[in-house]
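K.L.:
final_2.csv is reproduced below (CSV, C-alpha atoms).
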```
chain,number,residue,atom,x,y,z
D,1,MET,CA,-3.8,-6.2,-13.4
D,2,ILE,CA,-3.2,-6.3,-9.7
D,3,LYS,CA,-5.8,-7.9,-7.3
D,4,PHE,CA,-6.4,-7.4,-3.6
D,5,THR,CA,-8.5,-9.7,-1.5
D,6,ILE,CA,-9.2,-8.2,1.9
D,7,ILE,CA,-10.1,-10.5,4.8
D,8,THR,CA,-12.0,-8.4,7.3
D,9,LEU,CA,-14.9,-8.4,9.7
D,10,PHE,CA,-15.9,-4.9,8.6
D,11,ARG,CA,-16.2,-4.8,4.8
D,12,GLU,CA,-18.5,-1.7,5.1
D,13,ALA,CA,-15.6,0.3,6.5
D,14,ILE,CA,-13.4,-0.3,3.4
D,15,GLU,CA,-15.6,-0.8,0.3
D,16,PRO,CA,-17.0,2.8,-0.1
D,17,TYR,CA,-13.4,4.2,-0.5
D,18,LEU,CA,-12.5,1.6,-3.1
D,19,LYS,CA,-15.5,2.6,-5.2
D,20,THR,CA,-14.5,6.3,-5.4
D,21,SER,CA,-11.9,8.5,-7.1
D,22,MET,CA,-8.7,6.8,-8.3
D,23,MET,CA,-9.5,3.4,-6.9
D,24,TRP,CA,-12.7,3.4,-8.9
D,25,LYS,CA,-10.8,4.6,-12.0
D,26,ALA,CA,-8.3,1.7,-11.6
D,27,THR,CA,-11.1,-0.9,-11.5
D,28,GLU,CA,-12.9,0.7,-14.4
D,29,LYS,CA,-9.8,0.6,-16.5
D,30,GLY,CA,-9.1,-3.0,-15.5
D,31,LEU,CA,-5.9,-2.1,-13.8
D,32,ALA,CA,-7.0,-3.3,-10.3
D,33,GLU,CA,-9.5,-5.6,-8.7
D,34,PHE,CA,-10.8,-5.7,-5.2
D,35,ASP,CA,-12.5,-8.6,-3.5
D,36,PHE,CA,-13.6,-9.3,0.1
D,37,VAL,CA,-13.7,-12.3,2.4
D,38,ASN,CA,-15.7,-12.1,5.6
D,39,LEU,CA,-13.7,-13.6,8.4
D,40,ARG,CA,-16.9,-14.4,10.3
D,41,ASP,CA,-17.8,-16.9,7.6
D,42,PHE,CA,-15.0,-19.1,9.0
D,43,GLY,CA,-15.8,-18.6,12.6
D,44,LEU,CA,-16.2,-21.4,15.1
D,45,GLY,CA,-19.3,-22.7,16.8
D,46,PRO,CA,-22.9,-21.5,16.6
D,47,HIS,CA,-21.8,-17.9,17.1
D,48,LYS,CA,-19.1,-18.0,14.5
D,49,SER,CA,-16.4,-16.9,17.0
D,50,VAL,CA,-13.1,-15.7,15.5
D,51,ASP,CA,-11.3,-14.7,18.8
D,52,ASP,CA,-10.6,-15.9,22.3
D,53,THR,CA,-8.8,-14.9,25.4
D,54,PRO,CA,-4.9,-15.0,25.5
D,55,TYR,CA,-3.0,-17.8,27.3
D,56,GLY,CA,-1.2,-16.4,30.3
D,57,GLY,CA,-3.9,-13.8,31.0
D,58,GLY,CA,-4.2,-10.2,29.9
D,59,ASP,CA,-6.9,-7.9,28.6
D,60,GLY,CA,-8.6,-8.2,25.2
D,61,MET,CA,-9.2,-10.9,22.7
D,62,LEU,CA,-6.9,-12.4,20.1
D,63,LEU,CA,-7.8,-13.6,16.6
D,64,ARG,CA,-7.7,-17.4,16.5
D,65,CYS,CA,-5.6,-19.4,14.1
D,66,GLU,CA,-8.4,-21.6,12.8
D,67,PRO,CA,-10.6,-19.0,11.1
D,68,VAL,CA,-7.7,-17.0,9.8
D,69,PHE,CA,-5.9,-19.9,8.2
D,70,ALA,CA,-9.2,-21.2,6.8
D,71,ALA,CA,-10.0,-17.8,5.3
D,72,ILE,CA,-6.6,-17.4,3.7
D,73,GLU,CA,-6.6,-21.0,2.5
D,74,SER,CA,-10.0,-20.5,0.8
D,75,VAL,CA,-8.4,-17.8,-1.3
D,76,LYS,CA,-5.3,-19.7,-2.0
D,77,ALA,CA,-7.3,-22.7,-3.2
D,78,HIS,CA,-8.2,-20.6,-6.2
D,79,ASP,CA,-4.9,-18.8,-6.5
D,80,PRO,CA,-2.0,-20.6,-4.8
D,81,ASP,CA,0.5,-17.9,-5.8
D,82,ALA,CA,-1.4,-15.2,-3.9
D,83,LYS,CA,0.8,-13.5,-1.2
D,84,VAL,CA,-0.4,-12.5,2.2
D,85,ILE,CA,0.1,-9.1,3.7
D,86,LEU,CA,-0.5,-8.4,7.4
D,87,PRO,CA,-0.5,-4.9,8.9
D,88,THR,CA,1.3,-5.3,12.2
D,89,PRO,CA,3.6,-3.3,14.5
D,90,VAL,CA,6.4,-5.9,14.1
D,91,GLY,CA,6.5,-5.3,10.3
D,92,GLU,CA,8.8,-3.2,8.1
D,93,VAL,CA,7.7,0.5,8.1
D,94,TRP,CA,5.8,1.3,4.9
D,95,THR,CA,7.4,3.9,2.6
D,96,GLN,CA,6.8,5.2,-0.9
D,97,ASN,CA,9.7,3.2,-2.2
D,98,ILE,CA,8.2,-0.1,-0.9
D,99,ALA,CA,4.8,0.8,-2.4
D,100,ARG,CA,6.6,1.5,-5.7
D,101,GLN,CA,8.3,-1.9,-5.5
D,102,PHE,CA,4.9,-3.6,-5.2
D,103,ALA,CA,3.6,-1.6,-8.1
D,104,GLU,CA,6.6,-2.3,-10.3
D,105,ALA,CA,6.5,-6.0,-9.5
D,106,SER,CA,2.9,-6.2,-10.6
D,107,GLU,CA,3.7,-4.2,-13.8
D,108,THR,CA,6.7,-6.4,-14.5
D,109,ILE,CA,4.7,-9.5,-14.3
D,110,SER,CA,2.0,-8.1,-16.5
D,111,ALA,CA,4.5,-7.1,-19.2
D,112,ARG,CA,7.0,-10.0,-18.8
D,113,ALA,CA,5.7,-11.9,-21.8
D,114,ALA,CA,5.8,-8.9,-24.1
D,115,SER,CA,8.9,-7.1,-22.9
D,116,PRO,CA,12.4,-8.4,-23.5
D,117,ARG,CA,13.7,-6.4,-20.5
D,118,PRO,CA,12.6,-6.8,-16.9
D,119,VAL,CA,11.4,-3.6,-15.3
D,120,ALA,CA,13.8,-2.4,-12.6
D,121,THR,CA,14.2,-5.6,-10.8
D,122,GLY,CA,18.0,-5.9,-10.8
D,123,GLU,CA,19.2,-2.4,-11.4
D,124,ALA,CA,21.2,-0.5,-8.9
D,125,ARG,CA,19.3,2.1,-6.9
D,126,SER,CA,20.6,5.1,-5.1
D,127,PRO,CA,20.9,4.5,-1.3
D,128,SER,CA,18.2,6.2,0.7
D,129,PRO,CA,17.0,6.0,4.3
D,130,CYS,CA,13.5,5.5,3.0
D,131,GLN,CA,14.3,2.4,0.9
D,132,ALA,CA,12.9,-0.9,1.8
D,133,PRO,CA,15.2,-3.2,3.7
D,134,GLU,CA,17.3,-5.4,1.4
D,135,ALA,CA,15.5,-8.7,2.1
D,136,LEU,CA,12.1,-7.1,1.6
D,137,ARG,CA,13.1,-5.5,-1.7
D,138,GLU,CA,14.4,-8.8,-3.0
D,139,ASP,CA,11.2,-10.6,-1.9
D,140,ILE,CA,9.0,-8.0,-3.7
D,141,SER,CA,11.2,-7.9,-6.9
D,142,ASP,CA,11.2,-11.7,-7.2
D,143,ALA,CA,7.5,-12.0,-6.5
D,144,SER,CA,5.4,-14.1,-8.9
D,145,ALA,CA,2.2,-12.7,-7.5
D,146,LYS,CA,-0.3,-10.2,-9.0
D,147,HIS,CA,-2.7,-11.1,-6.2
D,148,TYR,CA,-2.3,-10.0,-2.6
D,149,ILE,CA,-4.4,-11.1,0.4
D,150,ILE,CA,-4.6,-8.4,3.1
D,151,LEU,CA,-5.6,-9.7,6.5
D,152,CYS,CA,-7.1,-7.0,8.7
D,153,PRO,CA,-6.5,-7.9,12.4
D,154,HIS,CA,-8.8,-6.7,15.1
D,155,TYR,CA,-9.4,-6.7,18.8
D,156,GLU,CA,-6.3,-7.0,20.9
D,157,GLY,CA,-4.2,-8.7,18.2
D,158,TYR,CA,-3.7,-12.1,16.7
D,159,ASP,CA,-2.3,-15.5,17.7
D,160,GLU,CA,1.4,-15.4,16.9
D,161,ARG,CA,1.2,-18.5,14.8
D,162,ILE,CA,-0.7,-16.6,12.2
D,163,LEU,CA,2.6,-15.0,11.2
D,164,SER,CA,3.7,-18.4,9.7
D,165,ILE,CA,1.2,-17.9,6.8
D,166,VAL,CA,2.1,-14.3,6.2
D,167,ASP,CA,4.5,-13.2,3.4
D,168,TYR,CA,4.8,-9.5,4.1
D,169,LYS,CA,4.6,-7.9,7.5
D,170,ILE,CA,3.9,-4.2,7.2
D,171,SER,CA,3.9,-1.4,9.8
D,172,LEU,CA,2.3,2.0,9.1
D,173,GLY,CA,4.2,3.6,11.9
D,174,LYS,CA,4.7,3.8,15.7
D,175,TYR,CA,1.1,4.0,16.7
D,176,VAL,CA,-1.8,1.5,17.2
D,177,LEU,CA,-5.2,1.5,15.5
D,178,THR,CA,-8.4,-0.3,16.3
D,179,GLY,CA,-8.2,-2.6,13.3
D,180,GLY,CA,-6.4,-3.3,10.1
D,181,GLU,CA,-8.9,-1.8,7.8
D,182,LEU,CA,-7.3,1.7,7.6
D,183,PRO,CA,-3.8,0.2,7.0
D,184,ALA,CA,-5.2,-2.0,4.3
D,185,LEU,CA,-6.6,1.0,2.5
D,186,ILE,CA,-3.4,2.9,2.9
D,187,ILE,CA,-1.4,0.0,1.5
D,188,ILE,CA,-3.8,-0.5,-1.4
D,189,ASP,CA,-4.1,3.2,-2.4
D,190,SER,CA,-0.3,3.8,-2.2
D,191,ILE,CA,0.3,0.9,-4.6
D,192,VAL,CA,-2.6,1.3,-7.0
D,193,ARG,CA,-2.0,5.0,-7.6
D,194,LEU,CA,1.5,4.2,-8.9
D,195,ILE,CA,0.3,1.8,-11.6
D,196,PRO,CA,0.7,3.5,-15.0
D,197,GLY,CA,-2.7,4.7,-16.2
D,198,VAL,CA,-4.3,5.3,-12.8
D,199,LEU,CA,-3.2,8.9,-12.2
D,200,GLY,CA,-3.9,11.6,-14.9
D,201,GLY,CA,-0.4,13.0,-15.7
D,202,GLU,CA,2.4,10.8,-16.9
D,203,GLN,CA,4.7,12.4,-14.3
D,204,SER,CA,2.2,12.8,-11.5
D,205,ALA,CA,3.9,10.1,-9.3
D,206,GLU,CA,7.4,11.0,-10.4
D,207,ILE,CA,7.7,14.5,-9.0
D,208,GLU,CA,5.7,14.2,-5.8
D,209,SER,CA,6.9,14.0,-2.2
D,210,PHE,CA,8.9,10.8,-1.4
D,211,SER,CA,9.2,9.9,-5.1
D,212,ASN,CA,13.0,9.9,-4.6
D,213,GLY,CA,13.7,8.7,-1.0
D,214,ASP,CA,12.9,11.4,1.6
D,215,ASN,CA,12.3,14.3,-0.8
D,216,LEU,CA,9.4,16.8,-0.3
D,217,GLU,CA,7.7,18.3,-3.4
D,218,TYR,CA,8.1,22.1,-4.0
D,219,PRO,CA,5.2,24.5,-3.1
D,220,GLN,CA,2.5,24.8,-5.6
D,221,TYR,CA,-0.1,27.6,-6.2
D,222,THR,CA,-3.3,28.2,-8.3
D,223,LYS,CA,-5.8,31.0,-8.8
D,224,PRO,CA,-6.3,33.6,-7.4
D,225,TYR,CA,-2.9,35.4,-7.7
D,226,ASP,CA,-3.6,37.4,-4.5
D,227,PHE,CA,-5.5,35.8,-1.7
D,228,ARG,CA,-5.9,37.9,1.5
D,229,GLY,CA,-2.5,39.5,0.8
D,230,MET,CA,-0.8,36.2,0.2
D,231,LYS,CA,0.6,36.4,-3.4
D,232,VAL,CA,1.8,33.7,-5.7
D,233,PRO,CA,5.6,34.0,-6.2
D,234,ASP,CA,6.2,36.1,-9.4
D,235,ILE,CA,8.7,33.7,-10.8
D,236,LEU,CA,5.9,31.2,-11.4
D,237,LEU,CA,4.1,33.7,-13.6
D,238,SER,CA,7.3,34.7,-15.6
D,239,GLY,CA,7.0,32.0,-18.3
D,240,ASN,CA,10.7,31.4,-17.8
D,241,HIS,CA,10.7,27.6,-17.5
D,242,GLY,CA,14.4,27.4,-16.7
D,243,GLU,CA,14.1,29.8,-13.8
D,244,ILE,CA,10.9,28.1,-12.6
D,245,ALA,CA,12.6,24.8,-12.6
D,246,LYS,CA,15.5,26.3,-10.6
D,247,TRP,CA,13.1,27.9,-8.1
D,248,ARG,CA,11.2,24.6,-7.7
D,249,GLU,CA,14.5,22.7,-7.0
D,250,GLU,CA,15.6,25.3,-4.5
D,251,HIS,CA,12.3,25.1,-2.7
D,252,SER,CA,12.1,21.3,-2.6
D,253,GLY,CA,13.0,19.8,0.8
D,254,LYS,CA,13.7,16.8,2.8
D,255,ALA,CA,11.4,15.0,5.1
D,256,CYS,CA,12.3,15.1,8.8
D,257,ILE,CA,12.2,11.4,9.6
```
Take the structure I supplied and represent it as structure tokens, if you would.
P.N.:
Amino acid sequence: MIKFTIITLFREAIEPYLKTSMMWKATEKGLAEFDFVNLRDFGLGPHKSVDDTPYGGGDGMLLRCEPVFAAIESVKAHDPDAKVILPTPVGEVWTQNIARQFAEASETISARAASPRPVATGEARSPSPCQAPEALREDISDASAKHYIILCPHYEGYDERILSIVDYKISLGKYVLTGGELPALIIIDSIVRLIPGVLGGEQSAEIESFSNGDNLEYPQYTKPYDFRGMKVPDILLSGNHGEIAKWREEHSGKACI
């Protein structure tokens, strides 16, 4: 089982999503667990302050070291092996391959005692522009954690010294959000859905977009056959599985990244 502890000021922005659909299914099956820590509980002074103005001037407020370190250390007091993830623009760009590395690391750890063969930790992989950087792949593959602490930054940013307690710095792309709650959900969802038993079909996560680097999945259709003059390609109704597979391969693409 993989566990995520989310340190946030806005639990109500995250919790409903984790109680629905596949995330709910993962918890019901005992494949994932989600916990929350309120950063405000570790705030300073009578107003439980967690931020302050930046040295050197500038707009906005920065998260202070003291409450962040205290919150993380409160979790690590119960699980010293827990690893810390921080959504941040300075991190490695998140990809499907990195998400799969986290999911496989968790699966490997869970099965290690029962399996004589490690799961895909040292095997050669085909080069891809979407793969995780070498150092990050090694860190994930060698991880001993099944428990990840995700710190959700807010306000203008965070004191740079907070990075000293972070294990994985992750960027969702070249844009800025109000806080780390949405990135936390994206990271969690993209990992948990890859854990065997979460999705319905055995191959659901194997044939989708980005399952092999920068590939895009082939077009798919369902009923009705004819919708406003737009018809399903006849080959998909032919019953010829060889020709269907060929058509799907021809109509798969590559992401423009």
K.L.:
Which of these, D:Ile170, D:Leu63, D:Val37, D:Ala71, has the shortest distance to Arg11 (chain D) once you count only C-alpha atoms?
P.N.:
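That would be D:Val37, the residue with the smallest distance to Arg11 (chain D).
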K.L.:
Could you tell me how far CA of Ile188 (chain D) sits from CA of Ala99 (chain D), in Å to one decimal place?
P.N.:
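One can read the CA of Ala99 (chain D) to CA of Ile188 (chain D) distance as 8.8 Å.
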K.L.:
Show which residues sit within 7 Å of region 3-10 of chain D, as a PyMOL selection string. Count all atoms listed in the file, and ignore same-chain residues fewer than 3 positions away.
P.N.:
chain D and resi 13+32-40+146-152
K.L.:
With a distance cut-off of 12 Å and only C-alpha atoms, select the neighbouring residues of His154 (chain D), excluding the residue or stretch itself and same-chain residues fewer than 5 positions from it, and output the selection as a count of residues only.
P.N.:
26
K.L.:
For Trp247 (chain D), which residue among D:Ile235, D:Val84, D:Val192, D:Leu172 is the nearest when counting only C-alpha atoms?
P.N.:
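Selected residue with least distance to Trp247 (chain D): D:Ile235.
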K.L.:
Could you tell me how far CA of Gly242 (chain D) sits from CA of Phe227 (chain D), in Å to one decimal place?
P.N.:
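So the answer is 26.3 Å.
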K.L.:
One decimal, in Å: what's the spacing between CA of Ile2 (chain D) and CA of Leu31 (chain D)?
P.N.:
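These two atoms are separated by 6.5 Å.
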K.L.:
So which one's closest to Pro16 (chain D), D:Ala77, D:Leu237, D:Leu185, D:Ile191? Using all atoms listed in the file, please.
P.N.:
D:Leu185
K.L.:
Return the single residue from D:Glu160, D:Asp189, D:Asp167, D:Glu66 that is closest to Gly43 (chain D), with distances computed using only C-alpha atoms.
P.N.:
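With only C-alpha atoms as the atom set, the closest residue is D:Glu66.
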K.L.:
Of the residues D:Met1, D:Met23, D:Leu199, D:Ile244, which is the one nearest to Gln220 (chain D), using only C-alpha atoms?
P.N.:
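The shortest atom-to-atom distance to Gln220 (chain D) comes from D:Ile244.
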K.L.:
Find, counting all atoms listed in the file, the residue in D:Gly229, D:Gly239, D:Pro54, D:Pro219 that gets nearest to His251 (chain D).
P.N.:
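Selected residue with least distance to His251 (chain D): D:Pro219.
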K.L.:
Taking the block above, write region 141-186 of chain D with N, CA and C atoms as an mmCIF file, in the first residue's frame.
P.N.:
```cif
data_model
loop_
_atom_site.group_PDB
_atom_site.id
_atom_site.type_symbol
_atom_site.label_atom_id
_atom_site.label_comp_id
_atom_site.auth_asym_id
_atom_site.auth_seq_id
_atom_site.Cartn_x
_atom_site.Cartn_y
_atom_site.Cartn_z
ATOM 1 N N SER D 141 13.870 4.576 -7.995
ATOM 2 C CA SER D 141 14.041 3.130 -8.042
ATOM 3 C C SER D 141 14.642 2.596 -6.753
ATOM 4 N N ASP D 142 15.527 3.362 -6.140
ATOM 5 C CA ASP D 142 16.193 2.907 -4.933
ATOM 6 C C ASP D 142 15.433 3.292 -3.667
ATOM 7 N N ALA D 143 14.276 3.918 -3.817
ATOM 8 C CA ALA D 143 13.554 4.424 -2.653
ATOM 9 C C ALA D 143 13.132 3.289 -1.737
ATOM 10 N N SER D 144 13.162 3.548 -0.444
ATOM 11 C CA SER D 144 12.694 2.576 0.540
ATOM 12 C C SER D 144 11.349 3.005 1.102
ATOM 13 N N ALA D 145 10.726 4.012 0.498
ATOM 14 C CA ALA D 145 9.502 4.579 1.058
ATOM 15 C C ALA D 145 8.263 4.053 0.363
ATOM 16 N N LYS D 146 7.232 3.840 1.144
ATOM 17 C CA LYS D 146 5.887 3.641 0.634
ATOM 18 C C LYS D 146 5.001 4.797 1.103
ATOM 19 N N HIS D 147 5.642 5.789 1.687
ATOM 20 C CA HIS D 147 4.922 6.903 2.298
ATOM 21 C C HIS D 147 5.544 8.207 1.802
ATOM 22 N N TYR D 148 4.709 9.027 1.182
ATOM 23 C CA TYR D 148 5.187 10.303 0.642
ATOM 24 C C TYR D 148 4.442 11.454 1.312
ATOM 25 N N ILE D 149 5.210 12.437 1.723
ATOM 26 C CA ILE D 149 4.663 13.663 2.302
ATOM 27 C C ILE D 149 4.678 14.721 1.209
ATOM 28 N N ILE D 150 3.520 15.272 0.879
ATOM 29 C CA ILE D 150 3.464 16.324 -0.134
ATOM 30 C C ILE D 150 3.194 17.653 0.554
ATOM 31 N N LEU D 151 4.135 18.564 0.436
ATOM 32 C CA LEU D 151 3.980 19.905 0.991
ATOM 33 C C LEU D 151 3.343 20.809 -0.058
ATOM 34 N N CYS D 152 2.228 21.428 0.301
ATOM 35 C CA CYS D 152 1.536 22.334 -0.618
ATOM 36 C C CYS D 152 1.924 23.774 -0.290
ATOM 37 N N PRO D 153 2.815 24.375 -1.072
ATOM 38 C CA PRO D 153 3.181 25.772 -0.832
ATOM 39 C C PRO D 153 2.009 26.693 -1.150
ATOM 40 N N HIS D 154 2.088 27.901 -0.653
ATOM 41 C CA HIS D 154 1.024 28.876 -0.895
ATOM 42 C C HIS D 154 1.626 30.275 -0.823
ATOM 43 N N TYR D 155 0.778 31.258 -1.026
ATOM 44 C CA TYR D 155 1.216 32.645 -1.012
ATOM 45 C C TYR D 155 2.236 32.886 -2.129
ATOM 46 N N GLU D 156 3.233 33.724 -1.880
ATOM 47 C CA GLU D 156 4.210 34.062 -2.913
ATOM 48 C C GLU D 156 5.206 32.931 -3.156
ATOM 49 N N GLY D 157 5.409 32.103 -2.150
ATOM 50 C CA GLY D 157 6.380 31.022 -2.288
ATOM 51 C C GLY D 157 6.803 30.511 -0.928
ATOM 52 N N TYR D 158 8.058 30.110 -0.811
ATOM 53 C CA TYR D 158 8.554 29.510 0.420
ATOM 54 C C TYR D 158 9.991 29.952 0.650
ATOM 55 N N ASP D 159 10.412 29.923 1.894
ATOM 56 C CA ASP D 159 11.805 30.186 2.254
ATOM 57 C C ASP D 159 12.680 29.117 1.590
ATOM 58 N N GLU D 160 13.731 29.531 0.919
ATOM 59 C CA GLU D 160 14.583 28.620 0.145
ATOM 60 C C GLU D 160 15.147 27.493 1.002
ATOM 61 N N ARG D 161 15.324 27.730 2.296
ATOM 62 C CA ARG D 161 15.900 26.706 3.166
ATOM 63 C C ARG D 161 14.998 25.495 3.338
ATOM 64 N N ILE D 162 13.730 25.636 2.987
ATOM 65 C CA ILE D 162 12.801 24.508 3.062
ATOM 66 C C ILE D 162 13.228 23.393 2.107
ATOM 67 N N LEU D 163 13.909 23.749 1.016
ATOM 68 C CA LEU D 163 14.352 22.733 0.056
ATOM 69 C C LEU D 163 15.305 21.718 0.686
ATOM 70 N N SER D 164 15.946 22.083 1.777
ATOM 71 C CA SER D 164 16.912 21.167 2.408
ATOM 72 C C SER D 164 16.242 19.945 3.014
ATOM 73 N N ILE D 165 14.929 19.995 3.215
ATOM 74 C CA ILE D 165 14.212 18.868 3.808
ATOM 75 C C ILE D 165 13.371 18.129 2.768
ATOM 76 N N VAL D 166 13.513 18.538 1.500
ATOM 77 C CA VAL D 166 12.708 17.966 0.410
ATOM 78 C C VAL D 166 13.508 16.896 -0.326
ATOM 79 N N ASP D 167 12.856 15.755 -0.629
ATOM 80 C CA ASP D 167 13.502 14.676 -1.370
ATOM 81 C C ASP D 167 13.265 14.775 -2.872
ATOM 82 N N TYR D 168 12.053 15.162 -3.268
ATOM 83 C CA TYR D 168 11.704 15.244 -4.687
ATOM 84 C C TYR D 168 11.076 16.594 -4.993
ATOM 85 N N LYS D 169 11.719 17.350 -5.873
ATOM 86 C CA LYS D 169 11.178 18.637 -6.324
ATOM 87 C C LYS D 169 10.524 18.404 -7.679
ATOM 88 N N ILE D 170 9.218 18.687 -7.768
ATOM 89 C CA ILE D 170 8.440 18.349 -8.958
ATOM 90 C C ILE D 170 7.771 19.594 -9.525
ATOM 91 N N SER D 171 7.910 19.775 -10.843
ATOM 92 C CA SER D 171 7.234 20.858 -11.550
ATOM 93 C C SER D 171 6.158 20.270 -12.450
ATOM 94 N N LEU D 172 4.985 20.896 -12.457
ATOM 95 C CA LEU D 172 3.898 20.460 -13.335
ATOM 96 C C LEU D 172 3.959 21.143 -14.691
ATOM 97 N N GLY D 173 4.857 22.077 -14.887
ATOM 98 C CA GLY D 173 4.956 22.761 -16.168
ATOM 99 C C GLY D 173 5.328 24.215 -15.986
ATOM 100 N N LYS D 174 5.426 24.922 -17.104
ATOM 101 C CA LYS D 174 5.872 26.311 -17.075
ATOM 102 C C LYS D 174 4.694 27.257 -16.883
ATOM 103 N N TYR D 175 4.076 27.142 -15.711
ATOM 104 C CA TYR D 175 3.008 28.067 -15.325
ATOM 105 C C TYR D 175 2.952 28.082 -13.808
ATOM 106 N N VAL D 176 2.252 29.062 -13.244
ATOM 107 C CA VAL D 176 2.212 29.248 -11.797
ATOM 108 C C VAL D 176 0.767 29.162 -11.317
ATOM 109 N N LEU D 177 0.565 28.458 -10.210
ATOM 110 C CA LEU D 177 -0.753 28.329 -9.602
ATOM 111 C C LEU D 177 -0.776 29.048 -8.257
ATOM 112 N N THR D 178 -1.969 29.203 -7.719
ATOM 113 C CA THR D 178 -2.129 29.899 -6.443
ATOM 114 C C THR D 178 -1.503 29.122 -5.298
ATOM 115 N N GLY D 179 -1.596 27.807 -5.355
ATOM 116 C CA GLY D 179 -1.050 26.985 -4.286
ATOM 117 C C GLY D 179 -0.681 25.609 -4.791
ATOM 118 N N GLY D 180 -0.228 24.752 -3.886
ATOM 119 C CA GLY D 180 0.235 23.425 -4.267
ATOM 120 C C GLY D 180 -0.816 22.347 -4.209
ATOM 121 N N GLU D 181 -2.075 22.729 -3.936
ATOM 122 C CA GLU D 181 -3.113 21.714 -3.780
ATOM 123 C C GLU D 181 -3.428 20.983 -5.099
ATOM 124 N N LEU D 182 -3.585 21.729 -6.181
ATOM 125 C CA LEU D 182 -3.845 21.080 -7.471
ATOM 126 C C LEU D 182 -2.668 20.216 -7.919
ATOM 127 N N PRO D 183 -1.422 20.706 -7.847
ATOM 128 C CA PRO D 183 -0.297 19.821 -8.168
ATOM 129 C C PRO D 183 -0.263 18.563 -7.306
ATOM 130 N N ALA D 184 -0.602 18.687 -6.021
ATOM 131 C CA ALA D 184 -0.614 17.506 -5.147
ATOM 132 C C ALA D 184 -1.602 16.472 -5.663
ATOM 133 N N LEU D 185 -2.789 16.927 -6.057
ATOM 134 C CA LEU D 185 -3.789 16.007 -6.583
ATOM 135 C C LEU D 185 -3.321 15.355 -7.886
ATOM 136 N N ILE D 186 -2.701 16.132 -8.747
ATOM 137 C CA ILE D 186 -2.216 15.587 -10.019
ATOM 138 C C ILE D 186 -1.151 14.520 -9.761
#
```
